[in-house]
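Below is one structure, written out as structure tokens; comments come after it.
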Amino acid sequence: MNESTRIMMKKQYLRKTASLLLLTANCFLLTAHHTQAQREVQYSQYLVNPLAINPAATGIRETFHFNAVLRRQFVAGVQGLPITQSFAMDGTVANGKIGLGLQGLNDRVAANTAVFGSVSYIHKISDYQKLSIGALGGINVLPARDVLNTGGNINKALPSAGVGIYYEDETFFGGVSMPEILKQQYGYNSTSGLINYQRPIFVQLGMKSEVSDGIIVKPSLLLTKPEKSKMRLDLNAIASVQERFTGGLSVRFGSTTYWQLLLAYDLSKNIRIGYAYSSRRVEDFNAQTNNIAGVGKGIHEIVFTLQPNPQRD
């Protein structure tokens, strides 16, 4: 197969895949209903942990990845602000056809503890193209009040499940996912009464391009549709230099606009250390944690990534 034929076939796959993703996204977006805050912290970390929003990304990088995030606010004159930890790990078995993943969250701001396992089937369309279908399942431990809303907070453990589809080739990547498909209530809060699982829908589209020798740029967008809430749009751009330095910027447009900054450096071919800053705490947008000090202030994150057997792009 000559180069021109390969390029033409690649463009045809790209158009077909993009049409499929947009059609699937439209079907998902038409099914939205009511939502409340839940796992928003984990969702916001998709730039460093793609599994956070799409279980079909499990194993898509083929080699084993471990990612840990330590999240903390620093506000002058305010002591004892809560720390949030999260981790994610994934890899493949069966000659790269099956992806397996595990995620954990310990959010001390919204008081949400969760563990999720994910699995994906990765179909290699060609040497350059992959299509993955994935699912996740796990347990959420969430705070709630009793039905009379008179007692103290209680913790309730509830099952969680989600699905997604993901595609990537040399220059294009994208996916559609619903990381929470179960519709259920888990109690009452002190202000708005009955609270439900959050069930957002994510549509991600992006490209990868080598703009010059050793400099790779990945622009992307993410559409998020929470149930009965306004659609949100994230515009992202990540650049890597000589496979050692990484910098990124993300701006979210919605009912509240905020931005995120990402910086990372590869200490070795196996270990990456990074820093992320968000101009706002995402929990504040749900109006359920405004009694916690630090509302409206930025969030700092330290990101650690381990990749024992890296495959460079």
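Chain labels follow the order of the structure tokens: the first chain is A, the next B, and so on; residue numbering restarts at 1 in every chain, and ligands are counted from 1 in their shown order.
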| Residue neighbourhood Arg272 of chain A, 7 Å, only C-alpha atoms, exclusion window fewer than 5 positions, as a PyMOL selection string | chain A and resi 264-267+304-306
Write the selection just made, keeping C-alpha atoms, as a short mmCIF file (atom, residue, chain, number, x, y, z; two decimals), in the first residue's frame?
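As written to disk, again22.cif reads:
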data_model
loop_
_atom_site.label_atom_id
_atom_site.label_comp_id
_atom_site.auth_asym_id
_atom_site.auth_seq_id
_atom_site.Cartn_x
_atom_site.Cartn_y
_atom_site.Cartn_z
CA ALA A 264 4.99 18.19 33.96
CA TYR A 265 8.55 16.95 33.66
CA ASP A 266 9.79 13.42 32.97
CA LEU A 267 12.37 12.63 35.63
CA PHE A 304 2.80 11.50 39.94
CA THR A 305 2.85 9.09 36.99
CA LEU A 306 4.66 5.76 36.75
#
| message | When you look at Ala68 of chain A with a cut-off of 9 Å (counting only C-alpha atoms), what residues show up, excluding the ones that are within fewer than 6 positions of it in the same chain? I need them as number ranges by chain. | response | A: 85-89, 302-306
Please produce a file of the residues just selected, as an mmCIF file, in the first residue's frame, where the atoms kept are C-alpha atoms.
data_model
loop_
_atom_site.group_PDB
_atom_site.id
_atom_site.type_symbol
_atom_site.label_atom_id
_atom_site.label_comp_id
_atom_site.auth_asym_id
_atom_site.auth_seq_id
_atom_site.Cartn_x
_atom_site.Cartn_y
_atom_site.Cartn_z
ATOM 1 C CA GLN A 85 -6.293 11.927 47.009
ATOM 2 C CA SER A 86 -6.992 9.901 43.893
ATOM 3 C CA PHE A 87 -5.253 7.206 41.894
ATOM 4 C CA ALA A 88 -5.725 5.308 38.640
ATOM 5 C CA MET A 89 -3.928 2.371 37.074
ATOM 6 C CA ILE A 302 0.680 17.341 42.580
ATOM 7 C CA VAL A 303 0.601 14.610 39.938
ATOM 8 C CA PHE A 304 2.800 11.502 39.936
ATOM 9 C CA THR A 305 2.851 9.094 36.987
ATOM 10 C CA LEU A 306 4.661 5.755 36.752
#
| said: Could you go through segment 235-278 of chain A and tell me which residues DSSP, when run on the backbone, assigns to strand (DSSP E), listing them as an NGL selection string? | reply: :A and (235-241 or 245-253 or 258-266 or 271-278)
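Shortest separation to Gly296 of chain A among A:Val282, A:Leu105, A:Ser212, A:Ala157 occurs at residue A:Val282, atoms counted being only C-alpha atoms.
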Considering only C-alpha atoms, return as a short mmCIF file (atom, residue, chain, number, x, y, z; two decimals) with N, CA and C atoms, in the first residue's frame whatever protein or nucleic-acid residues lie within 12 Å of Phe74 of chain A, sequence-local ones (same chain, fewer than 5 positions apart) excluded.
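Wrote selection18.cif, looks like this:
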data_model
loop_
_atom_site.label_atom_id
_atom_site.label_comp_id
_atom_site.auth_asym_id
_atom_site.auth_seq_id
_atom_site.Cartn_x
_atom_site.Cartn_y
_atom_site.Cartn_z
N GLN A 79 -6.50 27.48 58.12
CA GLN A 79 -5.83 26.23 58.46
C GLN A 79 -6.80 25.05 58.32
N GLY A 80 -6.23 23.88 58.12
CA GLY A 80 -7.03 22.66 58.15
C GLY A 80 -7.90 22.42 56.93
N LEU A 81 -7.57 23.03 55.78
CA LEU A 81 -8.35 22.76 54.58
C LEU A 81 -8.16 21.30 54.15
N PRO A 82 -9.22 20.65 53.72
CA PRO A 82 -9.14 19.20 53.44
C PRO A 82 -8.27 18.86 52.24
N ILE A 83 -7.67 17.69 52.30
CA ILE A 83 -6.84 17.16 51.22
C ILE A 83 -7.63 16.06 50.50
N TYR A 277 -2.95 23.42 38.37
CA TYR A 277 -3.63 24.47 39.13
C TYR A 277 -4.97 24.78 38.48
N ARG A 281 -12.41 25.93 42.70
CA ARG A 281 -12.69 24.58 43.22
C ARG A 281 -14.01 24.10 42.61
N ALA A 293 -14.47 26.50 54.24
CA ALA A 293 -13.54 27.59 53.98
C ALA A 293 -12.82 27.37 52.66
N GLY A 294 -12.56 28.47 51.95
CA GLY A 294 -11.83 28.39 50.71
C GLY A 294 -12.68 28.45 49.46
N VAL A 295 -13.99 28.74 49.62
CA VAL A 295 -14.87 28.83 48.46
C VAL A 295 -14.37 29.91 47.51
N GLY A 296 -14.33 29.59 46.22
CA GLY A 296 -13.92 30.56 45.22
C GLY A 296 -12.43 30.66 45.02
N LYS A 297 -11.66 29.90 45.79
CA LYS A 297 -10.20 29.94 45.68
C LYS A 297 -9.68 28.81 44.80
N GLY A 298 -8.44 28.93 44.37
CA GLY A 298 -7.84 27.96 43.47
C GLY A 298 -7.41 26.69 44.17
N ILE A 299 -7.21 25.65 43.35
CA ILE A 299 -6.82 24.33 43.83
C ILE A 299 -5.46 23.97 43.23
N HIS A 300 -4.58 23.42 44.07
CA HIS A 300 -3.27 22.96 43.63
C HIS A 300 -3.25 21.43 43.64
N GLU A 301 -2.62 20.84 42.63
CA GLU A 301 -2.52 19.38 42.56
C GLU A 301 -1.09 18.98 42.22
#
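Nearest residue to Ile216 of chain A, choosing from A:Arg72, A:Arg280, A:Arg252, A:Arg244 and counting only C-alpha atoms: A:Arg244.
Among the candidates A:Ser132, A:Thr63, A:Asn106, A:Asn236, the one nearest to Asn270 of chain A when counting only C-alpha atoms is A:Thr63.
The smallest atom-to-atom distance between Glu180 of chain A and any of A:Ile133, A:Ile53, A:Ala114, A:Val78, using only C-alpha atoms, is found for A:Ile53.
For the residues A:Val119, A:Val93, A:Leu262, A:Met178, ranking by smallest atom-to-atom distance to Ala57 of chain A using only C-alpha atoms places A:Val119 first.
By chain and then residue number, the residues within 8 Å of Ile215 of chain A are Glu210, Val211, Ala239, Ser240, Val241 and Gln242 of chain A, counting only C-alpha atoms and disregarding those fewer than 4 positions away in sequence.
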Same residues, N, CA and C atoms, output as an mmCIF file, in the first residue's frame:
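again-v4.cif, freshly written:
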data_model
loop_
_atom_site.group_PDB
_atom_site.id
_atom_site.type_symbol
_atom_site.label_atom_id
_atom_site.label_comp_id
_atom_site.auth_asym_id
_atom_site.auth_seq_id
_atom_site.Cartn_x
_atom_site.Cartn_y
_atom_site.Cartn_z
ATOM 1 N N GLU A 210 2.619 17.031 15.155
ATOM 2 C CA GLU A 210 4.007 17.399 15.416
ATOM 3 C C GLU A 210 4.293 18.688 14.648
ATOM 4 N N VAL A 211 4.289 19.822 15.356
ATOM 5 C CA VAL A 211 4.409 21.121 14.707
ATOM 6 C C VAL A 211 5.844 21.423 14.308
ATOM 7 N N ALA A 239 1.051 20.566 25.055
ATOM 8 C CA ALA A 239 2.238 20.459 24.208
ATOM 9 C C ALA A 239 3.336 19.733 24.967
ATOM 10 N N SER A 240 4.048 18.840 24.268
ATOM 11 C CA SER A 240 5.205 18.169 24.853
ATOM 12 C C SER A 240 6.440 18.510 24.037
ATOM 13 N N VAL A 241 7.556 18.719 24.726
ATOM 14 C CA VAL A 241 8.801 19.129 24.096
ATOM 15 C C VAL A 241 9.859 18.066 24.361
ATOM 16 N N GLN A 242 10.370 17.471 23.290
ATOM 17 C CA GLN A 242 11.421 16.456 23.370
ATOM 18 C C GLN A 242 11.064 15.306 24.314
#
